[in-house]
Each structure stands twice: as structure tokens, then as C-alpha cells.
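J.: Encoded as C-alpha cells, here's the structure I'll be asking about.
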Amino acid sequence: MIPAVDLSLGPSGVAAEVRRACEEVGFLTVTGHGVAKELIEEVARASRAFFDLPEDEKLRYRGPAETAGVPVYRPLGAEKLGANSDRKASLDWGPTLEGVAWPNDELRRLYGAYFAEMLHVADMLVRLFALALELREEALVPYFDDRSSSLRVIDYPAGAAGARAGAHRDYGCLTIICSDASGLEVETRAGEWLSVEPPSGGLVVNIGDLMQRWTGDRWVSTLHRVVGLEGASPRRQSLVFFHNPRSDARIESLGGGTRYEPVTAGDYVLARAAEAGL
């Protein structure tokens, strides 16, 4: 069972539950986040319209990715998280992420609005994480800014059952996911695959390898995957927000646990992204 947390209760009211989730499975679902349903629907609709374009039109945004702060398109099979190339395409954007161009003004407006909302939710989570680690609520806030995170909208075309995104661990700090269909699964410490199903209007949150490293392995970054159901799998779309520390932030192990050599957040994330072919 993936723990569920109501953020409207405030950081001190749910810190113990967040600690348990991060120590045991590295995943939780959250409600009370304050993101308007209407905005989520608009972002999803405009993104779906982009993915519905002919492939030769979308490939205009594949590269070369040379301009920071504009999107880049990654076609079906561009990323390989497991043994085989993933059955998904994506449109990736962040203030410092290098891309090609905005496909249209509507996407630019909507992605900017959604990014701002995700920054607010992520700030709540960072403060929660600090309390869950028995630190001051503001202890981790200075490590983050409004430019080092990114948004990825993923389109999984309808098709056969089986792996759609291979089993992997996220390599950053924390990830916030909003999906329109089931299929996300997480592996427990016992090796069992659990379906991750957020409550209506809820978001999925998981921690990545950098957060596990930061906590000295007290918290766990967990293998997860996206699979299609038996028979024909419906189309699936996910809005994925990766929240990472400032690129120049020095990450050292907090408190007890495994002691790792300090790393610079930006160098660590870029190196791990390169391993995934991004």
C-alpha cells in the first residue's frame, strides 16, 4: 500500500507519515496540494494536441537542442530506461534545459503556469522532508531555486500490453507525477510490484537517487516502471515535474547513515541523464 498524505494538514501534521513512506518505499500520493483541476486539464489537452501532430512536424523540435529555456521533443524510443527502448515520446522543458523552440504560445503559457504551481507544491514537500528528517522546516530550502527543475510531458501511445517505460530509479531529488491512466508500478523491498493509484485529484511523489544519497541511504529511491494492462493498452499521458537542487548546490550526507563524498547537484544530475541517453 502506497502511503497517502493530505498536504492541507500542514508540514508538522504529516511529517511522520512522509518519513515512513520515504524510508519504506520512496513513494507517496498527495492530496490537498492546491493545484487547480482546470489547469491540469488544460495542460493535458494542449500537450495531447502537440503529440497528435504528424511526426515530421514534431521532429522539427527534436534538435539540435541549443537554446536554454525552450522545449525539446524526444520521439518514441529515444530513451532507454530498461533493457529495451521505451514506448513513449515526450516534450521536455525547463528554465535551464536546452531545447529547440516553443511549438506555440499556448503551450508556453500553460507550461509556465503549471511549472509555477509545481514549484509551490515542491516547496511544501521540501519543507516536509526537512521535518521528516528532524531538521528545521527551512533547512533544505536554500538548496533550491526556481530554475533548476524541469517539466516533462510524456505520451504513451495505445498499443500492446507489456513494458512502456522500463524499470528504473529517478536520479534527481524528488518527482511529482500527474497521470490520466493507471500503469505505474513500484517495487517493494520484498520484490513485489505494487500499482500506484493516487486518490481522485491526487498527485504521485517519489524520491530519486540524489535524495537517497543526501539522506545517507536512510530514505530509499525505488525501482518503478510503467506497464500496459493485458490486451490492448489505452493511450496514457503523464505530467512529470523533476525538482532538483540548484546546479551549484553541494550535497553532503545529512545526519547518520552512509557517508558519501560530497557532489555538486548539477554535475550529478547531468551525468545520470547522459547515462539514460538524454
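By convention here, the chains of the C-alpha cells are called A, B, ... in the order presented, each chain's residues are numbered starting at 1, and ligands are numbered starting at 1 in the order presented.
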Using DSSP secondary structure from the backbone, list all strand (DSSP E) positions within region 47-184 of chain A, as a count of residues only.
T.: 33
J.: Run DSSP on the backbone of this structure and report the residues of region 23-222 of chain A it assigns to helix (DSSP H, G or I), as a ChimeraX atom specification.
T.: /A:23-24,37-51,55-61,105-132,141-143,209-214
J.: Output as a Markdown table one row per residue of region 144-198 of chain A within 10 Å of region 55-78 of chain A: the closest atom pair and its distance in Å to one decimal place, counting only C-alpha atoms, sorted by chain and residue number ascending.
T.:
| residue | atom | partner | partner_atom | distance |
| --- | --- | --- | --- | --- |
| A:Arg147 | CA | A:Gly69 | CA | 9.4 |
| A:Ser150 | CA | A:Gly69 | CA | 9.8 |
| A:Leu151 | CA | A:Pro71 | CA | 9.4 |
| A:Arg152 | CA | A:Pro71 | CA | 9.2 |
| A:Val153 | CA | A:Tyr73 | CA | 9.8 |
| A:Ile154 | CA | A:Arg74 | CA | 9.3 |
| A:Asp155 | CA | A:Leu76 | CA | 8.8 |
| A:Tyr156 | CA | A:Leu76 | CA | 8.6 |
| A:Pro157 | CA | A:Leu76 | CA | 8.9 |
| A:Arg164 | CA | A:Gly77 | CA | 9.9 |
| A:Ala165 | CA | A:Gly77 | CA | 9.8 |
J.: Next, the residues of the selection above should be written as a compact mmCIF listing (two decimals), in the first residue's frame with N, CA, C and O atoms.
T.:
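Saved result, selection_6.txt, follows:
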# COMPACT_ATOMS: atom_id res chain seq x y z
N ARG A 147 14.85 27.64 -11.00
CA ARG A 147 15.38 27.46 -12.35
C ARG A 147 15.98 26.07 -12.61
O ARG A 147 16.26 25.73 -13.75
N SER A 150 12.54 20.87 -13.88
CA SER A 150 12.07 20.75 -15.27
C SER A 150 10.75 20.00 -15.32
O SER A 150 10.39 19.25 -14.41
N LEU A 151 10.04 20.24 -16.42
CA LEU A 151 8.75 19.59 -16.68
C LEU A 151 8.89 18.68 -17.90
O LEU A 151 9.43 19.09 -18.92
N ARG A 152 8.38 17.48 -17.78
CA ARG A 152 8.37 16.54 -18.90
C ARG A 152 6.95 16.02 -19.06
O ARG A 152 6.36 15.48 -18.12
N VAL A 153 6.39 16.21 -20.25
CA VAL A 153 5.08 15.66 -20.55
C VAL A 153 5.30 14.44 -21.44
O VAL A 153 5.90 14.54 -22.52
N ILE A 154 4.82 13.29 -20.96
CA ILE A 154 5.08 12.01 -21.63
C ILE A 154 3.81 11.47 -22.24
O ILE A 154 2.76 11.42 -21.60
N ASP A 155 3.91 11.05 -23.49
CA ASP A 155 2.80 10.44 -24.22
C ASP A 155 3.12 8.98 -24.47
O ASP A 155 4.13 8.65 -25.12
N TYR A 156 2.30 8.10 -23.92
CA TYR A 156 2.43 6.66 -24.16
C TYR A 156 1.33 6.27 -25.15
O TYR A 156 0.15 6.23 -24.78
N PRO A 157 1.67 5.98 -26.40
CA PRO A 157 0.64 5.62 -27.38
C PRO A 157 -0.09 4.33 -27.00
O PRO A 157 0.46 3.48 -26.31
N ARG A 164 6.11 -0.19 -20.92
CA ARG A 164 6.00 1.06 -21.67
C ARG A 164 7.17 1.98 -21.28
O ARG A 164 7.67 2.74 -22.11
N ALA A 165 7.58 1.92 -20.02
CA ALA A 165 8.82 2.56 -19.55
C ALA A 165 9.51 1.55 -18.66
O ALA A 165 8.91 1.04 -17.70
J.: Enter the distance from CA of Ser47 (chain A) to CA of Asp146 (chain A), in Å, rounded to one decimal.
T.: 22.4 Å
J.: Give the answer as one residue: which of A:Asp123, A:Glu106, A:Ala116, A:Ala21 has the shortest atom-to-atom distance to Gly94 (chain A), using only C-alpha atoms?
T.: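 Closest residue, counting only C-alpha atoms: A:Ala116.
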J.: For Gly191 (chain A), which residue out of A:Asn104, A:Ser233, A:Thr222, A:Thr31 is the nearest one, using only C-alpha atoms?
T.: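 Going through A:Asn104, A:Ser233, A:Thr222, A:Thr31 one by one, the smallest distance to Gly191 (chain A) is for A:Thr222.
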J.: List as a PyMOL selection string the protein and nucleic acid residues near Pro142 (chain A), meaning an atom at most 12 Å away when only C-alpha atoms are counted, but skip any in the same chain fewer than 6 places from it.
T.: chain A and resi 123+126-127+130+244-246+248-251
J.: With only C-alpha atoms as the counted atoms, please give the residues lying no more than 8 Å from Cys22 (chain A), apart from itself and same-chain residues fewer than 3 positions off, as a list in words.
T.: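 Here the qualifying residues turn out to be Val18, Arg19, Val25, Gly26, Phe27, Leu28, Ile207, Trp219 and Val220 of chain A.
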J.: Keeping only all heavy atoms, write the selected residues as a PDB file, in the first residue's frame.
T.:
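Output saved as selection_23.pdb:
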ATOM      1  N   VAL A  18       5.248  10.993   6.097  1.00  0.00           N
ATOM      2  CA  VAL A  18       6.187  11.176   4.992  1.00  0.00           C
ATOM      3  C   VAL A  18       7.489  10.441   5.265  1.00  0.00           C
ATOM      4  O   VAL A  18       8.051   9.787   4.378  1.00  0.00           O
ATOM      5  CB  VAL A  18       6.445  12.680   4.749  1.00  0.00           C
ATOM      6  CG1 VAL A  18       7.614  12.887   3.794  1.00  0.00           C
ATOM      7  CG2 VAL A  18       5.194  13.349   4.201  1.00  0.00           C
ATOM      8  N   ARG A  19       7.973  10.507   6.509  1.00  0.00           N
ATOM      9  CA  ARG A  19       9.193   9.786   6.871  1.00  0.00           C
ATOM     10  C   ARG A  19       9.021   8.293   6.641  1.00  0.00           C
ATOM     11  O   ARG A  19       9.888   7.638   6.054  1.00  0.00           O
ATOM     12  CB  ARG A  19       9.568  10.045   8.328  1.00  0.00           C
ATOM     13  CG  ARG A  19      10.852   9.318   8.754  1.00  0.00           C
ATOM     14  CD  ARG A  19      11.105   9.415  10.256  1.00  0.00           C
ATOM     15  NE  ARG A  19      11.046  10.785  10.719  1.00  0.00           N
ATOM     16  CZ  ARG A  19      10.147  11.249  11.583  1.00  0.00           C
ATOM     17  NH1 ARG A  19       9.226  10.439  12.088  1.00  0.00           N
ATOM     18  NH2 ARG A  19      10.175  12.512  11.955  1.00  0.00           N
ATOM     19  N   VAL A  25       9.308   2.838   1.086  1.00  0.00           N
ATOM     20  CA  VAL A  25       9.026   2.574  -0.323  1.00  0.00           C
ATOM     21  C   VAL A  25       9.454   3.698  -1.253  1.00  0.00           C
ATOM     22  O   VAL A  25       9.575   3.509  -2.456  1.00  0.00           O
ATOM     23  CB  VAL A  25       7.518   2.250  -0.511  1.00  0.00           C
ATOM     24  CG1 VAL A  25       6.663   3.490  -0.295  1.00  0.00           C
ATOM     25  CG2 VAL A  25       7.247   1.600  -1.852  1.00  0.00           C
ATOM     26  N   GLY A  26       9.723   4.899  -0.718  1.00  0.00           N
ATOM     27  CA  GLY A  26      10.180   6.000  -1.562  1.00  0.00           C
ATOM     28  C   GLY A  26       9.105   6.625  -2.415  1.00  0.00           C
ATOM     29  O   GLY A  26       9.395   7.460  -3.277  1.00  0.00           O
ATOM     30  N   PHE A  27       7.854   6.233  -2.221  1.00  0.00           N
ATOM     31  CA  PHE A  27       6.705   6.760  -2.962  1.00  0.00           C
ATOM     32  C   PHE A  27       5.609   7.162  -1.988  1.00  0.00           C
ATOM     33  O   PHE A  27       5.448   6.549  -0.927  1.00  0.00           O
ATOM     34  CB  PHE A  27       6.134   5.697  -3.912  1.00  0.00           C
ATOM     35  CG  PHE A  27       6.722   5.714  -5.290  1.00  0.00           C
ATOM     36  CD1 PHE A  27       7.991   5.199  -5.525  1.00  0.00           C
ATOM     37  CD2 PHE A  27       6.009   6.232  -6.365  1.00  0.00           C
ATOM     38  CE1 PHE A  27       8.533   5.197  -6.796  1.00  0.00           C
ATOM     39  CE2 PHE A  27       6.551   6.238  -7.646  1.00  0.00           C
ATOM     40  CZ  PHE A  27       7.818   5.731  -7.862  1.00  0.00           C
ATOM     41  N   LEU A  28       4.825   8.161  -2.351  1.00  0.00           N
ATOM     42  CA  LEU A  28       3.617   8.526  -1.633  1.00  0.00           C
ATOM     43  C   LEU A  28       2.670   9.224  -2.599  1.00  0.00           C
ATOM     44  O   LEU A  28       3.088   9.656  -3.679  1.00  0.00           O
ATOM     45  CB  LEU A  28       3.908   9.428  -0.431  1.00  0.00           C
ATOM     46  CG  LEU A  28       4.595  10.773  -0.674  1.00  0.00           C
ATOM     47  CD1 LEU A  28       4.162  11.795   0.389  1.00  0.00           C
ATOM     48  CD2 LEU A  28       6.126  10.604  -0.583  1.00  0.00           C
ATOM     49  N   ILE A 207      10.948   9.893  -4.448  1.00  0.00           N
ATOM     50  CA  ILE A 207      12.291  10.449  -4.297  1.00  0.00           C
ATOM     51  C   ILE A 207      13.236   9.720  -5.246  1.00  0.00           C
ATOM     52  O   ILE A 207      12.984   8.587  -5.666  1.00  0.00           O
ATOM     53  CB  ILE A 207      12.802  10.370  -2.841  1.00  0.00           C
ATOM     54  CG1 ILE A 207      12.988   8.918  -2.392  1.00  0.00           C
ATOM     55  CG2 ILE A 207      11.847  11.101  -1.910  1.00  0.00           C
ATOM     56  CD1 ILE A 207      13.683   8.793  -1.051  1.00  0.00           C
ATOM     57  N   TRP A 219      16.634   7.046   3.422  1.00  0.00           N
ATOM     58  CA  TRP A 219      15.468   7.039   2.541  1.00  0.00           C
ATOM     59  C   TRP A 219      15.837   6.283   1.273  1.00  0.00           C
ATOM     60  O   TRP A 219      17.010   6.215   0.894  1.00  0.00           O
ATOM     61  CB  TRP A 219      15.032   8.455   2.209  1.00  0.00           C
ATOM     62  CG  TRP A 219      14.410   9.171   3.377  1.00  0.00           C
ATOM     63  CD1 TRP A 219      14.345   8.755   4.671  1.00  0.00           C
ATOM     64  CD2 TRP A 219      13.767  10.451   3.335  1.00  0.00           C
ATOM     65  NE1 TRP A 219      13.711   9.684   5.442  1.00  0.00           N
ATOM     66  CE2 TRP A 219      13.338  10.736   4.654  1.00  0.00           C
ATOM     67  CE3 TRP A 219      13.524  11.369   2.321  1.00  0.00           C
ATOM     68  CZ2 TRP A 219      12.670  11.916   4.977  1.00  0.00           C
ATOM     69  CZ3 TRP A 219      12.865  12.541   2.640  1.00  0.00           C
ATOM     70  CH2 TRP A 219      12.431  12.808   3.955  1.00  0.00           C
ATOM     71  N   VAL A 220      14.832   5.724   0.613  1.00  0.00           N
ATOM     72  CA  VAL A 220      15.114   4.808  -0.489  1.00  0.00           C
ATOM     73  C   VAL A 220      14.524   5.314  -1.799  1.00  0.00           C
ATOM     74  O   VAL A 220      13.362   5.701  -1.875  1.00  0.00           O
ATOM     75  CB  VAL A 220      14.578   3.392  -0.160  1.00  0.00           C
ATOM     76  CG1 VAL A 220      13.087   3.399   0.103  1.00  0.00           C
ATOM     77  CG2 VAL A 220      14.925   2.405  -1.264  1.00  0.00           C
TER      78      VAL A 220
END
J.: Let me make sure I understand: among A:Met211, A:Gly159, A:Trp93, A:Pro198, which one has the smallest atom-to-atom distance to Ala232 (chain A) if we use only C-alpha atoms?
T.: A:Gly159
J.: If you count only C-alpha atoms, which residues fall within 7 Å of His243 (chain A), apart from same-chain ones fewer than 3 positions away, as a tab-separated table (two decimals) with N, CA, C and O atoms, in the first residue's frame?
T.:
chain	number	residue	atom	x	y	z
A	122	ALA	N	6.31	21.63	-4.68
A	122	ALA	CA	7.64	21.11	-4.35
A	122	ALA	C	8.21	21.79	-3.11
A	122	ALA	O	8.88	21.15	-2.29
A	149	SER	N	14.74	23.03	-11.92
A	149	SER	CA	13.79	21.94	-12.10
A	149	SER	C	13.30	21.90	-13.54
A	149	SER	O	13.59	22.80	-14.32
A	150	SER	N	12.54	20.87	-13.88
A	150	SER	CA	12.07	20.75	-15.27
A	150	SER	C	10.75	20.00	-15.32
A	150	SER	O	10.39	19.25	-14.41
A	173	CYS	N	16.21	14.57	-7.18
A	173	CYS	CA	15.82	14.70	-5.78
A	173	CYS	C	14.40	14.21	-5.54
A	173	CYS	O	14.18	13.24	-4.82
A	174	LEU	N	13.41	14.89	-6.14
A	174	LEU	CA	12.04	14.44	-5.99
A	174	LEU	C	11.28	14.66	-7.28
A	174	LEU	O	11.59	15.55	-8.06
A	175	THR	N	10.26	13.83	-7.51
A	175	THR	CA	9.46	13.85	-8.72
A	175	THR	C	7.99	13.93	-8.35
A	175	THR	O	7.55	13.26	-7.41
J.: For Pro3 (chain A), which residue among A:Asp267, A:Glu197, A:Asp217, A:Asp52 is the nearest when counting only C-alpha atoms?
T.: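 For Pro3 (chain A), the nearest of the candidates is A:Glu197.
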J.: With a cut-off of 12 Å, could you pull out the residues of region 211-256 of chain A touching region 107-112 of chain A and give me the nearest pair of atoms for each, distance in Å to one decimal, using only C-alpha atoms, ordered by chain and ascending number, as a tab-separated table?
T.:
residue	atom	partner	partner_atom	distance
A:Leu239	CA	A:Tyr111	CA	10.1
A:Val240	CA	A:Tyr111	CA	11.5
A:Phe241	CA	A:Tyr111	CA	10.8
J.: With only C-alpha atoms as the atoms that count, which of A:Glu117, A:Asp105, A:Asp180, A:Glu17 lies nearest to Val35 (chain A)?
T.: A:Glu117
J.: Return the single residue from A:Arg169, A:Ile176, A:Gln237, A:Phe115 that is closest to Gly202 (chain A), with distances computed using only C-alpha atoms.
T.: A:Ile176
J.: Excluding same-chain residues fewer than 4 positions from Asp6 (chain A), what lies within 8 Å of it counting only C-alpha atoms, as a list in words?
T.: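 Result of the neighbour search: Val14, Val30, Thr31, Gly32 and His33 of chain A.
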J.: Can I get the selection written as a PDB file, in the first residue's frame, with N, CA, C and O atoms?
T.:
ATOM      1  N   VAL A  14       1.919  15.913   9.050  1.00  0.00           N
ATOM      2  CA  VAL A  14       2.106  14.715   8.215  1.00  0.00           C
ATOM      3  C   VAL A  14       3.572  14.287   8.102  1.00  0.00           C
ATOM      4  O   VAL A  14       3.883  13.363   7.358  1.00  0.00           O
ATOM      5  N   VAL A  30      -0.247  12.419  -2.775  1.00  0.00           N
ATOM      6  CA  VAL A  30      -0.598  13.605  -2.010  1.00  0.00           C
ATOM      7  C   VAL A  30      -1.886  14.224  -2.541  1.00  0.00           C
ATOM      8  O   VAL A  30      -2.111  14.302  -3.750  1.00  0.00           O
ATOM      9  N   THR A  31      -2.722  14.662  -1.606  1.00  0.00           N
ATOM     10  CA  THR A  31      -3.888  15.471  -1.903  1.00  0.00           C
ATOM     11  C   THR A  31      -3.721  16.795  -1.157  1.00  0.00           C
ATOM     12  O   THR A  31      -2.729  16.994  -0.452  1.00  0.00           O
ATOM     13  N   GLY A  32      -4.682  17.709  -1.325  1.00  0.00           N
ATOM     14  CA  GLY A  32      -4.573  18.994  -0.646  1.00  0.00           C
ATOM     15  C   GLY A  32      -3.431  19.839  -1.146  1.00  0.00           C
ATOM     16  O   GLY A  32      -2.901  20.677  -0.429  1.00  0.00           O
ATOM     17  N   HIS A  33      -3.034  19.637  -2.414  1.00  0.00           N
ATOM     18  CA  HIS A  33      -1.875  20.326  -2.980  1.00  0.00           C
ATOM     19  C   HIS A  33      -2.203  21.702  -3.542  1.00  0.00           C
ATOM     20  O   HIS A  33      -1.307  22.515  -3.779  1.00  0.00           O
TER      21      HIS A  33
END
J.: Expressed in Å to a single decimal, how great is the separation between CA of Ala271 (chain A) and CA of Ala167 (chain A)?
T.: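 Between these atoms lies a distance of 19.0 Å.
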J.: Mind checking which residues fall within 10 Å of Glu137 (chain A), counting only C-alpha atoms, ignoring those fewer than 4 positions away in the same chain, and posting them as a compact mmCIF listing (two decimals) with all heavy atoms, in the first residue's frame?
T.:
# COMPACT_ATOMS: atom_id res chain seq x y z
N PRO A 11 2.82 20.87 7.35
CA PRO A 11 4.01 20.02 7.46
C PRO A 11 4.11 19.23 8.75
O PRO A 11 4.39 18.03 8.72
CB PRO A 11 5.16 21.04 7.34
CG PRO A 11 4.58 22.20 6.61
CD PRO A 11 3.15 22.27 7.05
N SER A 12 3.86 19.87 9.88
CA SER A 12 4.04 19.16 11.15
C SER A 12 3.00 18.06 11.34
O SER A 12 3.23 17.09 12.05
CB SER A 12 3.96 20.16 12.31
OG SER A 12 2.70 20.82 12.32
N MET A 124 6.50 22.94 -0.59
CA MET A 124 5.83 22.31 0.54
C MET A 124 6.49 20.97 0.88
O MET A 124 6.69 20.63 2.05
CB MET A 124 4.34 22.11 0.23
CG MET A 124 3.52 23.37 0.22
SD MET A 124 1.72 23.01 0.23
CE MET A 124 1.48 22.49 -1.47
N VAL A 126 9.60 19.95 0.15
CA VAL A 126 10.96 20.14 0.66
C VAL A 126 10.91 20.48 2.16
O VAL A 126 11.71 19.99 2.95
CB VAL A 126 11.69 21.23 -0.14
CG1 VAL A 126 12.96 21.68 0.57
CG2 VAL A 126 12.03 20.71 -1.54
N ARG A 127 9.98 21.33 2.54
CA ARG A 127 9.83 21.67 3.96
C ARG A 127 9.38 20.45 4.77
O ARG A 127 9.85 20.24 5.90
CB ARG A 127 8.84 22.83 4.11
CG ARG A 127 9.35 24.15 3.53
CD ARG A 127 8.27 25.21 3.46
NE ARG A 127 8.78 26.42 2.85
CZ ARG A 127 9.39 27.41 3.50
NH1 ARG A 127 9.54 27.31 4.83
NH2 ARG A 127 9.84 28.47 2.88
N LEU A 128 8.49 19.68 4.18
CA LEU A 128 8.05 18.43 4.81
C LEU A 128 9.21 17.46 4.99
O LEU A 128 9.36 16.82 6.03
CB LEU A 128 6.97 17.79 3.95
CG LEU A 128 5.54 17.77 4.46
CD1 LEU A 128 4.62 17.16 3.41
CD2 LEU A 128 5.46 17.00 5.76
N PHE A 129 10.01 17.33 3.95
CA PHE A 129 11.16 16.44 4.01
C PHE A 129 12.10 16.84 5.15
O PHE A 129 12.63 15.99 5.86
CB PHE A 129 11.92 16.45 2.68
CG PHE A 129 11.27 15.66 1.58
CD1 PHE A 129 10.03 15.07 1.74
CD2 PHE A 129 11.90 15.52 0.35
CE1 PHE A 129 9.43 14.34 0.72
CE2 PHE A 129 11.32 14.79 -0.68
CZ PHE A 129 10.08 14.20 -0.50
N ALA A 130 12.33 18.14 5.31
CA ALA A 130 13.22 18.61 6.38
C ALA A 130 12.69 18.18 7.74
O ALA A 130 13.44 17.65 8.58
CB ALA A 130 13.38 20.12 6.30
N LEU A 131 11.39 18.38 7.98
CA LEU A 131 10.82 17.98 9.26
C LEU A 131 10.87 16.47 9.43
O LEU A 131 11.13 15.98 10.54
CB LEU A 131 9.37 18.47 9.35
CG LEU A 131 9.16 19.98 9.46
CD1 LEU A 131 7.67 20.31 9.49
CD2 LEU A 131 9.86 20.55 10.70
N ALA A 132 10.64 15.74 8.35
CA ALA A 132 10.69 14.28 8.43
C ALA A 132 12.10 13.78 8.75
O ALA A 132 12.27 12.69 9.30
CB ALA A 132 10.21 13.67 7.12
N LEU A 133 13.10 14.59 8.39
CA LEU A 133 14.50 14.25 8.70
C LEU A 133 14.95 14.86 10.03
O LEU A 133 16.14 14.83 10.36
CB LEU A 133 15.41 14.74 7.57
CG LEU A 133 15.29 13.98 6.25
CD1 LEU A 133 15.92 14.77 5.11
CD2 LEU A 133 15.93 12.60 6.37
N VAL A 141 15.50 24.50 2.19
CA VAL A 141 15.00 25.48 1.22
C VAL A 141 16.12 26.20 0.47
O VAL A 141 16.03 26.37 -0.76
CB VAL A 141 14.06 26.49 1.91
CG1 VAL A 141 13.68 27.62 0.96
CG2 VAL A 141 12.81 25.78 2.42
